[in-house]
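Inspection log for the structure reproduced underneath, given as structure tokens.
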Amino acid sequence: MRLASLALAAALTATPAPPTPSPPAAVLFHADGRPATLTDVLAAAHQADVLFIGEHHDDAAAHALEQAVLDAATGAGRPRPVALSLEMFDRDVQPVLDEYLPGLIREKDFHAAARPWPNYGAAYRPLVELARERRVPVLAADPPARYVSRVGRLGTPSLAELPAPAHDWLAPSPWPSPSLAYTTKFRAFAAEASGPGHGPAPEPMLRTMFEAQWLRDLTMAATMADWLRANPGLVVHVTGVFHAAGGMGTPEALRHYRPGARTVVLAIVPDQRYPAFQPASMSTLGDFVAITRPAKR
């Protein structure tokens, strides 16, 4: 996977060329549709506090691009500290990550205790191992799934019943309200996900589902803000594209916990019209958009 990452980095850094019979796995663009390179992304990131990389979790090309970005961002001569932040680990396993990265525990014990996602080996292990090799901290950013589930069922007020130590793993209050744009976007997504013929979800269910989503955005943002306060540098945050597209979700939550934070969003989206840039649907996704070929089903 590391070799594939380096090859992709070289392809993306090179001057864009006309289409060939074997195009790269991901094609980069600026938000206005101009071709971009990995060098462009890194140049923007090094002027920011957080580089958000939004992915579809089953997109192998996205994972390869993420490895290329992290490899370039953490290479020799990096101008300031870098941290890797992952939605894919719950915040309460941070101590386990902190034991694994310096080699205090075995990898199999890390797996047993850290609750990695089912596709961890192929998708996210290369990122963690690269961070381990480069002595880059890894932030477990997501709130524990059990609390997200509780909010999704019972709403945010139900968190008040949790014992005090549980709140250490959640975004600190007071919590800001999400933007109307993000709320509207989530409701539209929920309606589409329900499928034709099912009708909209009941209003109480929609409300608690969105509260669970917002809890995740807030907690990921608070995790990054905590690190940035102690380590003025760059956070490379890998997350689902919905959490970051258009600067909504986690980026807007970050502005609450870290006012003035500079952010760059790289949205990676599979599209049937690959490798063509579609202005109507892609120009508002992020500062950069990477288009990948959809996986064959």
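Residues in the structure tokens are numbered from 1 in each chain, the chains being A, B, ... in the order shown, and ligands are numbered from 1 in the order shown.
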Could you make a table, as a Markdown table, of the residues of stretch 35-128 of chain A that have an atom within 10 Å of an atom of stretch 229-232 of chain A, each with its nearest atom pair and distance in Å to one decimal, counting only C-alpha atoms, in chain and number order?
| residue | atom | partner | partner_atom | distance |
| --- | --- | --- | --- | --- |
| A:Asp49 | CA | A:Pro232 | CA | 7.9 |
| A:Arg80 | CA | A:Pro232 | CA | 7.7 |
| A:Pro81 | CA | A:Asn231 | CA | 7.0 |
| A:Val82 | CA | A:Asn231 | CA | 8.7 |
| A:Ala83 | CA | A:Asn231 | CA | 9.1 |
Could you write out the selected residues, including all heavy atoms, as a PDB file, in the first residue's frame?
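Listed below is the output, out22.pdb:
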ATOM      1  N   ASP A  49      -4.688  25.450   9.546  1.00  0.00           N
ATOM      2  CA  ASP A  49      -4.571  24.717  10.808  1.00  0.00           C
ATOM      3  C   ASP A  49      -5.064  23.285  10.668  1.00  0.00           C
ATOM      4  O   ASP A  49      -4.539  22.382  11.325  1.00  0.00           O
ATOM      5  CB  ASP A  49      -5.369  25.425  11.910  1.00  0.00           C
ATOM      6  CG  ASP A  49      -4.886  26.849  12.131  1.00  0.00           C
ATOM      7  OD1 ASP A  49      -3.713  27.016  12.507  1.00  0.00           O
ATOM      8  OD2 ASP A  49      -5.677  27.792  11.901  1.00  0.00           O
ATOM      9  N   ARG A  80       6.299  22.477  10.454  1.00  0.00           N
ATOM     10  CA  ARG A  80       5.727  22.571  11.805  1.00  0.00           C
ATOM     11  C   ARG A  80       5.144  21.224  12.189  1.00  0.00           C
ATOM     12  O   ARG A  80       5.043  20.305  11.371  1.00  0.00           O
ATOM     13  CB  ARG A  80       4.662  23.662  11.862  1.00  0.00           C
ATOM     14  CG  ARG A  80       3.555  23.507  10.847  1.00  0.00           C
ATOM     15  CD  ARG A  80       2.783  24.799  10.653  1.00  0.00           C
ATOM     16  NE  ARG A  80       1.845  24.653   9.562  1.00  0.00           N
ATOM     17  CZ  ARG A  80       0.533  24.861   9.677  1.00  0.00           C
ATOM     18  NH1 ARG A  80       0.006  25.226  10.841  1.00  0.00           N
ATOM     19  NH2 ARG A  80      -0.253  24.721   8.635  1.00  0.00           N
ATOM     20  N   PRO A  81       4.735  21.056  13.442  1.00  0.00           N
ATOM     21  CA  PRO A  81       4.186  19.758  13.863  1.00  0.00           C
ATOM     22  C   PRO A  81       2.947  19.375  13.061  1.00  0.00           C
ATOM     23  O   PRO A  81       2.171  20.229  12.635  1.00  0.00           O
ATOM     24  CB  PRO A  81       3.840  19.993  15.337  1.00  0.00           C
ATOM     25  CG  PRO A  81       4.672  21.152  15.764  1.00  0.00           C
ATOM     26  CD  PRO A  81       4.823  22.022  14.555  1.00  0.00           C
ATOM     27  N   VAL A  82       2.771  18.076  12.866  1.00  0.00           N
ATOM     28  CA  VAL A  82       1.610  17.535  12.159  1.00  0.00           C
ATOM     29  C   VAL A  82       0.990  16.442  13.018  1.00  0.00           C
ATOM     30  O   VAL A  82       1.711  15.655  13.649  1.00  0.00           O
ATOM     31  CB  VAL A  82       2.005  16.948  10.785  1.00  0.00           C
ATOM     32  CG1 VAL A  82       0.786  16.349  10.077  1.00  0.00           C
ATOM     33  CG2 VAL A  82       2.648  18.015   9.907  1.00  0.00           C
ATOM     34  N   ALA A  83      -0.322  16.397  13.064  1.00  0.00           N
ATOM     35  CA  ALA A  83      -1.048  15.319  13.731  1.00  0.00           C
ATOM     36  C   ALA A  83      -2.045  14.722  12.748  1.00  0.00           C
ATOM     37  O   ALA A  83      -2.596  15.433  11.899  1.00  0.00           O
ATOM     38  CB  ALA A  83      -1.778  15.820  14.973  1.00  0.00           C
TER      39      ALA A  83
END
Checklist entry - Between A:Arg262, A:His167, A:Arg153, A:Arg293, which has the minimum distance to A:Met209 (counting only C-alpha atoms)? => result A:Arg153
Enumerate, in order of chain and increasing residue number, the residues of stretch 180-285 of chain A with an atom no farther than 9 Å from stretch 57-70 of chain A, each with its shortest atom pair and distance in Å to one decimal, counting only C-alpha atoms, as JSON lines.
{"residue": "A:Val236", "atom": "CA", "partner": "A:Leu70", "partner_atom": "CA", "distance": 7.4}
{"residue": "A:Val238", "atom": "CA", "partner": "A:Glu66", "partner_atom": "CA", "distance": 7.9}
{"residue": "A:Thr239", "atom": "CA", "partner": "A:His57", "partner_atom": "CA", "distance": 8.3}
{"residue": "A:Gly240", "atom": "CA", "partner": "A:His57", "partner_atom": "CA", "distance": 6.7}
{"residue": "A:Val241", "atom": "CA", "partner": "A:His57", "partner_atom": "CA", "distance": 8.8}
{"residue": "A:Ile268", "atom": "CA", "partner": "A:Ala62", "partner_atom": "CA", "distance": 6.2}
{"residue": "A:Val269", "atom": "CA", "partner": "A:Ala62", "partner_atom": "CA", "distance": 8.0}
{"residue": "A:Pro270", "atom": "CA", "partner": "A:Asp59", "partner_atom": "CA", "distance": 7.5}
Item to check | stretch 211-214 of chain A surroundings by only C-alpha atoms, 12 Å radius, close-in-sequence under 5 positions cut, as a PyMOL selection string | outcome: chain A and resi 142-159+170-171+175-179+182-183+185-187+190+204-206+219-221+240+242-244+248-254
